[in-house]
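As structure tokens, the structure follows; a few thoughts come after it.
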Amino acid sequence: MVPDRQNRTPLFDALVGLAESRKVSFHTPGHKSGKGISTRFRKFVGSKIFTIDLTTLDEVDCLQRPVGVIKEAQDLAAEAYGADHSFFLVNGTTVGNHAMILSTTSPGDEILVARNAHKSILTAIILSGAIPRFFPPAYDCELGILLNVTAEEANRAMERHPNARILSLTSPNYYGVAADLRAIVGEAKRRGIVVLVDEAHGPHLHFHPRLPTSALDAGADVCVQSTHKILGGMTQSSMLHLRGGDIDHSRVTRLLNLLQSTSPSYILMASLDLARMQMATEGEKLLSKAIGLATDARDRINRIPGLFCFGEADLPDGGFSLDVTKLTISVKKLGLTGFEASAILNAEFGIQVEMADLFNVLVIVSIGDRRDDLDRLVEALQSLSVRGPGQRSVAPIPPPLPPMRDGFHVSPRQAFFGPSEHVPLSKADGRISADIVAVYPPGIPVLVPGEELETSTIDYLESLAGHGARIDGVLQLDEPQIRVVRD
Ligand SMILES: Cc1ncc(COP(=O)(O)O)c(C=O)c1O
């Protein structure tokens with residue numbers, strides 16, 4: 001039974017109340033409720049939005065020291081998600097991951113990290129000075145994607161590194177594949193290990209029984225969610241949730257105050273307030289519709305020759321579950337790469353997918369989609385299929401990560417900030433990377449500072465670059481260059 005108070009939107013109401021009070025503003029923002037905004041901007045978006053683009057004022061509270069409507073809105077979010085404390089974030093899950101790692105590790109601490117981590121987990125580790133102990137996610141050669149970590153692999157990592165007191169997981173992944181969090185968290189808790197979950201792709205999980213178990217429901221201590229990626233939050237709006245007594249709430253607050261802007265956007269924060277209300281009051285209904293649309297589309301796509309869109313039953317053993325609102329559509333049997341299919345869908349059919357990789361395009365179905373949208377997708381995919389096979393078959397490539405390393409020659413922080421130089425990628429064999437090298441999307445690091453470059457990694461990067469992937473951390477000069485630790 002949802003408490004009536006979940007219908008409330010204290011922060012949004014306070015913003016509207018202040019906007020309607022028509023007080024004269026001699027404070028920031030300089031556009032003064034839109035009166036100074038460019039006419040072109042106002043003509044396009046309308047004028048109301050600017051009246052709630054406010055700054056820290058008594059009536060609308062202060063994110064750094066919330067005591068009024070922001071505190072109320074965060075408390076309602078905590079109640080809705082089953083957290084002890086929830087924090088509104090205005091720099092995406094990126095800033096939440098930074099606060100999560102920095103508030104739980106100190107320089108030199110060992111941290112167990114599932115290697116399907118987003119770049120923001122690694123940049124947090126660079127900043128903190130912690131030493132990562134990576135363990136690998138499973139890779140499915142057939143689907144051509146990284147799945148998630150298995151409980152066995154997580155247990156092995158905990159066994160191998162008894163000094164590591166923190167475990168960082170990423171679940172679900174970009175493709176919606178979730179790890180068996182209940183099993184992993186259960187074992188971690190038995191060993192007294194604190195569990196952090198990057199749940200960027202899972203702010204909706206808690207609100208529907210057909211979706212994978214959410215991090216907090218599985219017993220994790222902290223999770224960070226991109227409300228903007230999946231729900232009704234505006235871009236950059238995310239939340240961090242805490243549960244249980246193993247994490248110092250005041251340290252998280254301090255870290256967030258150190259990292260976030262002192263001028264947080266009230267529009268972003270109001271969107272979090274409203275997205276929480278929407279999920280708490282009608283989340284299950286809205287998500288049922290999205291799940292229905294996605295399930296129907298998956299069935300239709302699987303009837304199109306040359307295409308394949310995996311479902312939960314197609315996942316191999318490993319305790320994985322699937323957020324079925326994600327459609328990963330394999331186009332390799334059409335003789336196209338996912339990058340090529342994505343470009344054709346965009347240019348010829350006006351369909352923009354979330355991302356592409358070598359074999360697949362990824363489509364996110366959300367509470368914002370209508371049946372027509374999915375019909376258009378399916379029709380476009382049918383046209384793609386009847387064109388017949390492309391010119392070549394896509395060569396299988398090795399699993400997209402270098403072998404896991406237990407030891408680091410230097411910490412990621414030392415490697416990143418210490419003396420370094422650029423060398424051609426082709427001549428970097430045996431050198432220590434000074435940068436994160438990540439393939440976009442989804443931004444999972446292939447190399448982190450402190451790791452040694454091996455021929456297999458270099459070959460992998462060169463092969464992906466050849467297929468049109470964007471690689472961050474490699475300078476695309478005449479010859480690709482990479483920053484390495486100076487010998
Ligand atoms: C798993 C994961 N974590 C974190 C992030 C960063 O989230 P945000 O864009 O909200 O900062 C992303 C972005 O794609 C992601 O995929």
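FYI, nothing fancy with the structure tokens labels: chains A, B, ... in order, residues from 1 per chain, ligands from 1 as they appear.
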- Item | Contacts of A:Leu258 at 12 Å (only C-alpha atoms; same-chain gap of 6+ positions) as a list of chain:residue names |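 These residues fall inside the cut-off: A:Gln64, A:Val95, A:Gly96, A:His98, A:Ala99, A:Leu102, A:Ser103, A:Arg251, A:Val252.
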- What do you get as a PyMOL selection string if you pick all residues at most 8 Å from ligand 1, counting only C-alpha atoms and all ligand atoms? chain A and resi 91-97+117-121+170-174+198-201+225-229+235-238+441-443
Include C-alpha atoms and write out the residues we just selected as a PDB file, in the first residue's frame.
```
ATOM      1  CA  ASN A  91      25.879  15.666 -12.115  1.00  0.00           C
ATOM      2  CA  GLY A  92      24.512  12.287 -12.994  1.00  0.00           C
ATOM      3  CA  THR A  93      25.490   8.930 -11.634  1.00  0.00           C
ATOM      4  CA  THR A  94      29.061   9.974 -12.351  1.00  0.00           C
ATOM      5  CA  VAL A  95      29.144  12.221  -9.280  1.00  0.00           C
ATOM      6  CA  GLY A  96      27.281   9.608  -7.234  1.00  0.00           C
ATOM      7  CA  ASN A  97      29.859   6.959  -8.121  1.00  0.00           C
ATOM      8  CA  ALA A 117      32.483  -1.003 -14.389  1.00  0.00           C
ATOM      9  CA  HIS A 118      31.698   2.297 -16.078  1.00  0.00           C
ATOM     10  CA  LYS A 119      34.511   4.785 -16.465  1.00  0.00           C
ATOM     11  CA  SER A 120      33.149   6.849 -13.549  1.00  0.00           C
ATOM     12  CA  ILE A 121      33.959   4.031 -11.094  1.00  0.00           C
ATOM     13  CA  THR A 170      27.595  -2.713 -11.760  1.00  0.00           C
ATOM     14  CA  SER A 171      24.128  -4.128 -12.210  1.00  0.00           C
ATOM     15  CA  PRO A 172      22.167  -4.217 -14.428  1.00  0.00           C
ATOM     16  CA  ASN A 173      24.580  -3.558 -17.245  1.00  0.00           C
ATOM     17  CA  TYR A 174      23.802  -1.454 -20.306  1.00  0.00           C
ATOM     18  CA  ASP A 198      26.380   1.300  -9.722  1.00  0.00           C
ATOM     19  CA  GLU A 199      22.714   0.935 -10.640  1.00  0.00           C
ATOM     20  CA  ALA A 200      22.721   3.635 -13.306  1.00  0.00           C
ATOM     21  CA  HIS A 201      20.435   1.480 -15.440  1.00  0.00           C
ATOM     22  CA  GLN A 225      20.830   5.396 -10.124  1.00  0.00           C
ATOM     23  CA  SER A 226      20.501   7.508 -13.268  1.00  0.00           C
ATOM     24  CA  THR A 227      16.893   8.614 -12.873  1.00  0.00           C
ATOM     25  CA  HIS A 228      17.402  10.511 -16.122  1.00  0.00           C
ATOM     26  CA  LYS A 229      18.359   7.459 -18.148  1.00  0.00           C
ATOM     27  CA  THR A 235      19.355  14.703 -18.089  1.00  0.00           C
ATOM     28  CA  GLN A 236      22.041  14.701 -15.337  1.00  0.00           C
ATOM     29  CA  SER A 237      19.541  14.025 -12.532  1.00  0.00           C
ATOM     30  CA  SER A 238      20.379  10.930 -10.487  1.00  0.00           C
ATOM     31  CA  PRO A 441      29.436   3.244 -25.856  1.00  0.00           C
ATOM     32  CA  PRO A 442      29.050   1.873 -23.246  1.00  0.00           C
ATOM     33  CA  GLY A 443      32.242   3.355 -21.785  1.00  0.00           C
TER      34      GLY A 443
END
```
- What's the 7 Å shell around stretch 453-467 of chain A, counting only C-alpha atoms, without same-chain residues fewer than 6 positions away, as a VMD selection string? chain A and resid 402 425 to 426 428 to 433
Writing out the chosen residues with N, CA and C atoms as a short mmCIF file (atom, residue, chain, number, x, y, z; two decimals), in the first residue's frame:
```cif
data_model
loop_
_atom_site.label_atom_id
_atom_site.label_comp_id
_atom_site.auth_asym_id
_atom_site.auth_seq_id
_atom_site.Cartn_x
_atom_site.Cartn_y
_atom_site.Cartn_z
N PRO A 402 41.15 -7.09 -21.58
CA PRO A 402 42.43 -7.78 -21.41
C PRO A 402 42.34 -8.71 -20.20
N LEU A 425 50.32 3.68 -30.29
CA LEU A 425 49.64 2.50 -29.74
C LEU A 425 50.35 1.22 -30.18
N SER A 426 50.78 1.20 -31.45
CA SER A 426 51.39 -0.02 -31.98
C SER A 426 52.73 -0.34 -31.31
N ALA A 428 53.24 0.26 -27.96
CA ALA A 428 53.04 0.42 -26.51
C ALA A 428 53.10 -0.90 -25.75
N ASP A 429 53.39 -1.98 -26.46
CA ASP A 429 53.44 -3.29 -25.80
C ASP A 429 54.39 -3.25 -24.60
N GLY A 430 53.92 -3.70 -23.47
CA GLY A 430 54.77 -3.76 -22.28
C GLY A 430 54.81 -2.47 -21.48
N ARG A 431 54.24 -1.39 -21.99
CA ARG A 431 54.24 -0.12 -21.24
C ARG A 431 53.05 -0.08 -20.28
N ILE A 432 53.11 0.84 -19.32
CA ILE A 432 52.03 0.97 -18.32
C ILE A 432 51.13 2.12 -18.73
N SER A 433 49.86 1.85 -18.86
CA SER A 433 48.94 2.91 -19.28
C SER A 433 48.83 3.98 -18.19
#
```
Give the helix (DSSP H, G or I) residues of stretch 242-459 of chain A, as assigned by DSSP on the backbone, as a compact mmCIF listing (two decimals) with N, CA, C and O atoms, in the first residue's frame.
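Dumped to out-v3.txt:
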```
# COMPACT_ATOMS: atom_id res chain seq x y z
N HIS A 249 26.90 8.13 6.93
CA HIS A 249 26.03 9.04 6.19
C HIS A 249 26.65 10.44 6.09
O HIS A 249 26.60 11.09 5.04
N SER A 250 27.30 10.87 7.17
CA SER A 250 27.83 12.24 7.14
C SER A 250 29.05 12.33 6.19
O SER A 250 29.30 13.37 5.60
N ARG A 251 29.78 11.20 6.03
CA ARG A 251 30.91 11.24 5.09
C ARG A 251 30.41 11.34 3.65
O ARG A 251 30.98 12.05 2.82
N VAL A 252 29.32 10.65 3.36
CA VAL A 252 28.74 10.75 2.01
C VAL A 252 28.28 12.19 1.77
O VAL A 252 28.53 12.77 0.70
N THR A 253 27.63 12.77 2.77
CA THR A 253 27.17 14.16 2.63
C THR A 253 28.37 15.08 2.36
O THR A 253 28.33 15.93 1.46
N ARG A 254 29.43 14.89 3.14
CA ARG A 254 30.63 15.75 2.97
C ARG A 254 31.20 15.60 1.56
O ARG A 254 31.55 16.58 0.91
N LEU A 255 31.28 14.36 1.11
CA LEU A 255 31.85 14.13 -0.23
C LEU A 255 30.97 14.74 -1.31
O LEU A 255 31.47 15.36 -2.25
N LEU A 256 29.67 14.59 -1.18
CA LEU A 256 28.80 15.17 -2.20
C LEU A 256 28.92 16.69 -2.20
O LEU A 256 28.91 17.33 -3.25
N ASN A 257 29.08 17.26 -1.01
CA ASN A 257 29.23 18.72 -0.94
C ASN A 257 30.56 19.16 -1.54
O ASN A 257 30.69 20.26 -2.07
N LEU A 258 31.55 18.29 -1.45
CA LEU A 258 32.85 18.60 -2.05
C LEU A 258 32.78 18.51 -3.58
O LEU A 258 33.44 19.26 -4.30
N LEU A 259 31.97 17.60 -4.08
CA LEU A 259 31.99 17.31 -5.51
C LEU A 259 30.93 18.06 -6.32
O LEU A 259 31.13 18.31 -7.50
N TYR A 266 17.61 23.65 -9.94
CA TYR A 266 16.33 23.30 -9.30
C TYR A 266 15.41 22.59 -10.28
O TYR A 266 14.52 21.85 -9.88
N ILE A 267 15.62 22.82 -11.55
CA ILE A 267 14.80 22.10 -12.54
C ILE A 267 15.15 20.60 -12.49
O ILE A 267 14.27 19.75 -12.47
N LEU A 268 16.44 20.32 -12.41
CA LEU A 268 16.84 18.92 -12.31
C LEU A 268 16.31 18.29 -11.03
O LEU A 268 15.77 17.18 -11.02
N MET A 269 16.45 19.02 -9.93
CA MET A 269 16.02 18.45 -8.65
C MET A 269 14.50 18.27 -8.62
O MET A 269 14.00 17.29 -8.07
N ALA A 270 13.77 19.23 -9.19
CA ALA A 270 12.30 19.09 -9.23
C ALA A 270 11.92 17.87 -10.06
O ALA A 270 10.98 17.14 -9.72
N SER A 271 12.68 17.61 -11.12
CA SER A 271 12.35 16.44 -11.95
C SER A 271 12.55 15.15 -11.16
O SER A 271 11.84 14.17 -11.37
N LEU A 272 13.50 15.17 -10.23
CA LEU A 272 13.69 13.98 -9.37
C LEU A 272 12.51 13.80 -8.43
O LEU A 272 12.02 12.69 -8.20
N ASP A 273 12.06 14.93 -7.88
CA ASP A 273 10.91 14.90 -6.97
C ASP A 273 9.69 14.31 -7.69
O ASP A 273 8.98 13.44 -7.17
N LEU A 274 9.46 14.77 -8.91
CA LEU A 274 8.29 14.32 -9.68
C LEU A 274 8.45 12.88 -10.18
O LEU A 274 7.49 12.10 -10.17
N ALA A 275 9.66 12.52 -10.57
CA ALA A 275 9.89 11.15 -11.06
C ALA A 275 9.66 10.15 -9.92
O ALA A 275 9.08 9.08 -10.13
N ARG A 276 10.12 10.51 -8.72
CA ARG A 276 9.86 9.64 -7.56
C ARG A 276 8.37 9.49 -7.30
O ARG A 276 7.84 8.39 -7.11
N MET A 277 7.65 10.63 -7.32
CA MET A 277 6.20 10.58 -7.07
C MET A 277 5.52 9.67 -8.11
O MET A 277 4.69 8.83 -7.79
N GLN A 278 5.93 9.86 -9.37
CA GLN A 278 5.32 9.09 -10.45
C GLN A 278 5.55 7.58 -10.25
O GLN A 278 4.63 6.78 -10.38
N MET A 279 6.78 7.23 -9.90
CA MET A 279 7.07 5.80 -9.70
C MET A 279 6.35 5.25 -8.48
O MET A 279 5.79 4.16 -8.50
N ALA A 280 6.37 6.02 -7.39
CA ALA A 280 5.76 5.51 -6.14
C ALA A 280 4.26 5.32 -6.32
O ALA A 280 3.67 4.39 -5.78
N THR A 281 3.62 6.19 -7.10
CA THR A 281 2.16 6.15 -7.16
C THR A 281 1.63 5.33 -8.35
O THR A 281 0.58 4.71 -8.24
N GLU A 282 2.34 5.35 -9.46
CA GLU A 282 1.83 4.58 -10.61
C GLU A 282 2.93 3.85 -11.38
O GLU A 282 2.76 3.51 -12.54
N GLY A 283 4.03 3.61 -10.68
CA GLY A 283 5.18 2.98 -11.33
C GLY A 283 4.85 1.62 -11.92
O GLY A 283 5.21 1.32 -13.06
N GLU A 284 4.17 0.81 -11.12
CA GLU A 284 3.94 -0.56 -11.59
C GLU A 284 3.09 -0.56 -12.87
O GLU A 284 3.37 -1.29 -13.81
N LYS A 285 2.09 0.32 -12.88
CA LYS A 285 1.21 0.38 -14.07
C LYS A 285 2.02 0.86 -15.30
O LYS A 285 1.96 0.25 -16.37
N LEU A 286 2.78 1.93 -15.10
CA LEU A 286 3.54 2.49 -16.24
C LEU A 286 4.59 1.49 -16.74
O LEU A 286 4.79 1.33 -17.95
N LEU A 287 5.22 0.82 -15.79
CA LEU A 287 6.27 -0.12 -16.19
C LEU A 287 5.66 -1.37 -16.84
O LEU A 287 6.26 -1.94 -17.75
N SER A 288 4.47 -1.76 -16.38
CA SER A 288 3.81 -2.92 -17.02
C SER A 288 3.59 -2.63 -18.49
O SER A 288 3.77 -3.50 -19.36
N LYS A 289 3.22 -1.39 -18.78
CA LYS A 289 2.97 -1.03 -20.17
C LYS A 289 4.28 -1.11 -20.98
O LYS A 289 4.33 -1.69 -22.07
N ALA A 290 5.34 -0.55 -20.40
CA ALA A 290 6.64 -0.57 -21.10
C ALA A 290 7.11 -2.01 -21.30
O ALA A 290 7.61 -2.38 -22.38
N ILE A 291 6.94 -2.83 -20.28
CA ILE A 291 7.36 -4.24 -20.38
C ILE A 291 6.54 -4.95 -21.47
O ILE A 291 7.07 -5.72 -22.27
N GLY A 292 5.24 -4.65 -21.51
CA GLY A 292 4.37 -5.25 -22.54
C GLY A 292 4.82 -4.84 -23.93
O GLY A 292 4.93 -5.69 -24.84
N LEU A 293 5.11 -3.56 -24.12
CA LEU A 293 5.55 -3.08 -25.45
C LEU A 293 6.86 -3.75 -25.85
O LEU A 293 7.03 -4.18 -27.00
N ALA A 294 7.78 -3.83 -24.90
CA ALA A 294 9.10 -4.40 -25.21
C ALA A 294 8.98 -5.89 -25.51
O ALA A 294 9.62 -6.40 -26.44
N THR A 295 8.14 -6.59 -24.75
CA THR A 295 8.00 -8.03 -24.94
C THR A 295 7.40 -8.32 -26.32
O THR A 295 7.87 -9.20 -27.06
N ASP A 296 6.40 -7.54 -26.66
CA ASP A 296 5.77 -7.72 -27.96
C ASP A 296 6.76 -7.41 -29.10
O ASP A 296 6.86 -8.14 -30.09
N ALA A 297 7.53 -6.33 -28.92
CA ALA A 297 8.50 -5.96 -29.95
C ALA A 297 9.58 -7.04 -30.08
O ALA A 297 9.97 -7.41 -31.19
N ARG A 298 10.02 -7.57 -28.94
CA ARG A 298 11.05 -8.63 -28.98
C ARG A 298 10.53 -9.82 -29.80
O ARG A 298 11.23 -10.35 -30.67
N ASP A 299 9.27 -10.22 -29.55
CA ASP A 299 8.69 -11.36 -30.29
C ASP A 299 8.65 -11.05 -31.79
O ASP A 299 9.00 -11.89 -32.62
N ARG A 300 8.24 -9.83 -32.11
CA ARG A 300 8.13 -9.49 -33.54
C ARG A 300 9.52 -9.44 -34.19
O ARG A 300 9.71 -9.88 -35.32
N ILE A 301 10.49 -8.88 -33.47
CA ILE A 301 11.86 -8.78 -34.03
C ILE A 301 12.42 -10.18 -34.26
O ILE A 301 13.09 -10.45 -35.27
N ASN A 302 12.12 -11.10 -33.34
CA ASN A 302 12.66 -12.45 -33.48
C ASN A 302 12.02 -13.22 -34.64
O ASN A 302 12.50 -14.29 -35.01
N GLU A 312 15.26 -13.44 -21.53
CA GLU A 312 15.85 -14.00 -20.31
C GLU A 312 16.22 -15.47 -20.49
O GLU A 312 17.24 -15.93 -19.99
N ALA A 313 15.38 -16.21 -21.25
CA ALA A 313 15.61 -17.65 -21.43
C ALA A 313 16.89 -17.92 -22.22
O ALA A 313 17.43 -19.03 -22.18
N ASP A 314 17.39 -16.94 -22.95
CA ASP A 314 18.60 -17.14 -23.76
C ASP A 314 19.87 -16.90 -22.97
O ASP A 314 20.98 -17.11 -23.48
N LYS A 332 24.29 -9.25 -36.70
CA LYS A 332 25.48 -9.81 -37.37
C LYS A 332 25.12 -10.73 -38.53
O LYS A 332 25.84 -10.83 -39.49
N LYS A 333 23.95 -11.40 -38.44
CA LYS A 333 23.59 -12.32 -39.55
C LYS A 333 23.17 -11.54 -40.79
O LYS A 333 23.01 -12.11 -41.86
N LEU A 334 22.96 -10.24 -40.65
CA LEU A 334 22.69 -9.42 -41.85
C LEU A 334 23.98 -9.00 -42.52
O LEU A 334 23.97 -8.30 -43.54
N GLY A 338 26.84 -3.55 -35.76
CA GLY A 338 25.84 -2.75 -35.05
C GLY A 338 26.01 -1.27 -35.37
O GLY A 338 25.02 -0.53 -35.50
N PHE A 339 27.26 -0.82 -35.55
CA PHE A 339 27.51 0.60 -35.85
C PHE A 339 26.86 0.97 -37.19
O PHE A 339 26.24 2.02 -37.33
N GLU A 340 27.02 0.06 -38.18
CA GLU A 340 26.44 0.34 -39.51
C GLU A 340 24.92 0.34 -39.44
O GLU A 340 24.25 1.21 -40.00
N ALA A 341 24.36 -0.66 -38.74
CA ALA A 341 22.89 -0.74 -38.63
C ALA A 341 22.34 0.51 -37.95
O ALA A 341 21.33 1.08 -38.38
N SER A 342 23.03 0.96 -36.92
CA SER A 342 22.58 2.15 -36.19
C SER A 342 22.58 3.37 -37.12
O SER A 342 21.64 4.16 -37.13
N ALA A 343 23.64 3.48 -37.94
CA ALA A 343 23.72 4.63 -38.85
C ALA A 343 22.61 4.57 -39.90
O ALA A 343 22.00 5.59 -40.23
N ILE A 344 22.30 3.37 -40.40
CA ILE A 344 21.24 3.24 -41.41
C ILE A 344 19.88 3.56 -40.77
O ILE A 344 19.05 4.29 -41.34
N LEU A 345 19.64 3.01 -39.59
CA LEU A 345 18.35 3.26 -38.92
C LEU A 345 18.14 4.76 -38.71
O LEU A 345 17.04 5.28 -38.87
N ASN A 346 19.22 5.43 -38.38
CA ASN A 346 19.12 6.88 -38.12
C ASN A 346 18.89 7.64 -39.43
O ASN A 346 17.92 8.40 -39.56
N ALA A 347 19.78 7.40 -40.40
CA ALA A 347 19.75 8.22 -41.61
C ALA A 347 18.53 7.91 -42.49
O ALA A 347 17.93 8.81 -43.06
N GLU A 348 18.16 6.64 -42.57
CA GLU A 348 17.10 6.29 -43.53
C GLU A 348 15.72 6.13 -42.91
O GLU A 348 14.72 6.25 -43.59
N PHE A 349 15.69 5.85 -41.61
CA PHE A 349 14.38 5.58 -41.00
C PHE A 349 14.06 6.52 -39.84
O PHE A 349 13.00 6.41 -39.22
N ARG A 371 3.00 2.59 -28.58
CA ARG A 371 2.98 1.46 -29.51
C ARG A 371 3.48 1.86 -30.90
O ARG A 371 4.24 1.14 -31.54
N ASP A 372 3.08 3.07 -31.33
CA ASP A 372 3.51 3.55 -32.65
C ASP A 372 5.03 3.58 -32.79
O ASP A 372 5.57 3.32 -33.87
N ASP A 373 5.69 3.98 -31.72
CA ASP A 373 7.16 4.07 -31.77
C ASP A 373 7.75 2.68 -32.03
O ASP A 373 8.68 2.52 -32.82
N LEU A 374 7.21 1.70 -31.32
CA LEU A 374 7.74 0.34 -31.48
C LEU A 374 7.38 -0.22 -32.86
O LEU A 374 8.18 -0.92 -33.48
N ASP A 375 6.18 0.14 -33.37
CA ASP A 375 5.80 -0.31 -34.72
C ASP A 375 6.80 0.22 -35.74
O ASP A 375 7.23 -0.47 -36.65
N ARG A 376 7.17 1.48 -35.54
CA ARG A 376 8.11 2.11 -36.48
C ARG A 376 9.47 1.41 -36.44
O ARG A 376 10.09 1.17 -37.48
N LEU A 377 9.88 1.04 -35.25
CA LEU A 377 11.15 0.33 -35.11
C LEU A 377 11.09 -1.01 -35.84
O LEU A 377 11.98 -1.35 -36.62
N VAL A 378 10.01 -1.75 -35.58
CA VAL A 378 9.90 -3.09 -36.18
C VAL A 378 9.84 -2.98 -37.71
O VAL A 378 10.51 -3.74 -38.42
N GLU A 379 9.10 -2.00 -38.21
CA GLU A 379 9.02 -1.83 -39.68
C GLU A 379 10.39 -1.51 -40.26
O GLU A 379 10.80 -2.04 -41.30
N ALA A 380 11.14 -0.65 -39.57
CA ALA A 380 12.48 -0.29 -40.07
C ALA A 380 13.39 -1.51 -40.07
O ALA A 380 14.15 -1.75 -41.03
N LEU A 381 13.27 -2.33 -39.03
CA LEU A 381 14.12 -3.53 -38.96
C LEU A 381 13.72 -4.52 -40.06
O LEU A 381 14.58 -5.19 -40.63
N GLN A 382 12.41 -4.58 -40.36
CA GLN A 382 11.99 -5.46 -41.46
C GLN A 382 12.62 -5.01 -42.77
O GLN A 382 13.13 -5.81 -43.54
N SER A 383 12.62 -3.69 -43.01
CA SER A 383 13.22 -3.18 -44.25
C SER A 383 14.71 -3.49 -44.29
O SER A 383 15.26 -3.85 -45.35
N LEU A 384 15.36 -3.34 -43.14
CA LEU A 384 16.80 -3.63 -43.08
C LEU A 384 17.05 -5.09 -43.45
O LEU A 384 18.01 -5.41 -44.16
N SER A 385 16.17 -5.94 -43.00
CA SER A 385 16.34 -7.37 -43.23
C SER A 385 16.11 -7.74 -44.71
O SER A 385 16.86 -8.54 -45.27
N VAL A 386 15.09 -7.14 -45.35
CA VAL A 386 14.79 -7.57 -46.73
C VAL A 386 15.79 -7.04 -47.75
O VAL A 386 15.83 -7.50 -48.88
N PRO A 412 46.44 3.32 -9.73
CA PRO A 412 45.85 4.14 -10.79
C PRO A 412 46.11 5.62 -10.57
O PRO A 412 46.35 6.37 -11.52
N ARG A 413 46.10 6.05 -9.30
CA ARG A 413 46.33 7.48 -9.06
C ARG A 413 47.76 7.88 -9.43
O ARG A 413 47.98 8.89 -10.10
N GLN A 414 48.74 7.07 -9.01
CA GLN A 414 50.14 7.39 -9.36
C GLN A 414 50.33 7.38 -10.88
O GLN A 414 51.00 8.25 -11.44
N ALA A 415 49.75 6.37 -11.52
CA ALA A 415 49.94 6.26 -12.97
C ALA A 415 49.31 7.45 -13.70
O ALA A 415 49.89 7.99 -14.65
N PHE A 416 48.16 7.87 -13.23
CA PHE A 416 47.45 8.95 -13.92
C PHE A 416 48.14 10.29 -13.71
O PHE A 416 48.29 11.09 -14.65
N PHE A 417 48.56 10.58 -12.44
CA PHE A 417 49.10 11.91 -12.14
C PHE A 417 50.63 12.00 -12.27
O PHE A 417 51.17 13.09 -12.31
N LEU A 425 50.32 3.68 -30.29
CA LEU A 425 49.64 2.50 -29.74
C LEU A 425 50.35 1.22 -30.18
O LEU A 425 50.56 0.29 -29.38
N SER A 426 50.78 1.20 -31.45
CA SER A 426 51.39 -0.02 -31.98
C SER A 426 52.73 -0.34 -31.31
O SER A 426 53.23 -1.45 -31.40
N LYS A 427 53.31 0.68 -30.62
CA LYS A 427 54.62 0.41 -29.98
C LYS A 427 54.48 0.41 -28.45
O LYS A 427 55.47 0.56 -27.74
N THR A 455 49.84 -7.16 -26.24
CA THR A 455 49.53 -7.19 -27.67
C THR A 455 48.03 -7.43 -27.90
O THR A 455 47.43 -6.81 -28.77
N SER A 456 47.43 -8.32 -27.07
CA SER A 456 46.02 -8.64 -27.30
C SER A 456 45.15 -7.40 -27.10
O SER A 456 44.19 -7.17 -27.84
N THR A 457 45.50 -6.56 -26.14
CA THR A 457 44.72 -5.33 -25.89
C THR A 457 44.89 -4.38 -27.07
O THR A 457 43.94 -3.75 -27.54
N ILE A 458 46.13 -4.26 -27.53
CA ILE A 458 46.42 -3.34 -28.64
C ILE A 458 45.67 -3.80 -29.89
O ILE A 458 45.00 -3.02 -30.57
N ASP A 459 45.71 -5.12 -30.15
CA ASP A 459 45.00 -5.65 -31.32
C ASP A 459 43.50 -5.38 -31.20
O ASP A 459 42.84 -5.01 -32.17
```
- Message: My list of candidates is A:Leu327, A:Val16, A:Leu307, A:Leu475. Which is closest to A:Ser33 when distances are computed with only C-alpha atoms?
- Response: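 Using only C-alpha atoms, A:Ser33 sits closest to A:Val16.
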- Task: Report as a ChimeraX atom specification: the residues of stretch 254-378 of chain A with a DSSP assignment of strand (DSSP E or B), based on the backbone of this structure.
- Result: /A:308-309,321-322,326-330,355-356,360-364
Next, the residues of the selection above should be written as an mmCIF file, in the first residue's frame with C-alpha atoms.
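Written output follows (again_32.cif):
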```cif
data_model
loop_
_atom_site.group_PDB
_atom_site.id
_atom_site.type_symbol
_atom_site.label_atom_id
_atom_site.label_comp_id
_atom_site.auth_asym_id
_atom_site.auth_seq_id
_atom_site.Cartn_x
_atom_site.Cartn_y
_atom_site.Cartn_z
ATOM 1 C CA PHE A 308 17.913 -11.904 -33.003
ATOM 2 C CA CYS A 309 16.918 -10.200 -29.786
ATOM 3 C CA SER A 321 18.299 -11.915 -14.836
ATOM 4 C CA LEU A 322 17.173 -9.503 -17.517
ATOM 5 C CA LYS A 326 16.147 -3.397 -23.013
ATOM 6 C CA LEU A 327 16.178 -4.799 -26.546
ATOM 7 C CA THR A 328 19.611 -5.881 -27.736
ATOM 8 C CA ILE A 329 19.182 -6.590 -31.417
ATOM 9 C CA SER A 330 21.888 -8.663 -33.048
ATOM 10 C CA MET A 355 23.954 2.567 -28.681
ATOM 11 C CA ALA A 356 25.609 0.152 -31.027
ATOM 12 C CA ASN A 360 24.200 -5.270 -31.846
ATOM 13 C CA VAL A 361 22.077 -2.195 -31.567
ATOM 14 C CA LEU A 362 20.535 -1.468 -28.201
ATOM 15 C CA VAL A 363 17.050 -0.040 -27.860
ATOM 16 C CA ILE A 364 15.677 1.265 -24.570
#
```
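Atom to atom, atom CA of A:Ile247 and atom CA of A:Pro132 stand 19.4 Å apart.
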- Task: Name the residues in contact with A:Glu110 at a cut-off of 9 Å, using only C-alpha atoms, excluding same-chain residues fewer than 5 positions from it; report them as a ChimeraX atom specification.
- Result: /A:105,130-133,161,163-166
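Our summary of the geometry notes that atom CA of A:Val185 is positioned 14.2 Å from atom CA of A:Glu159.
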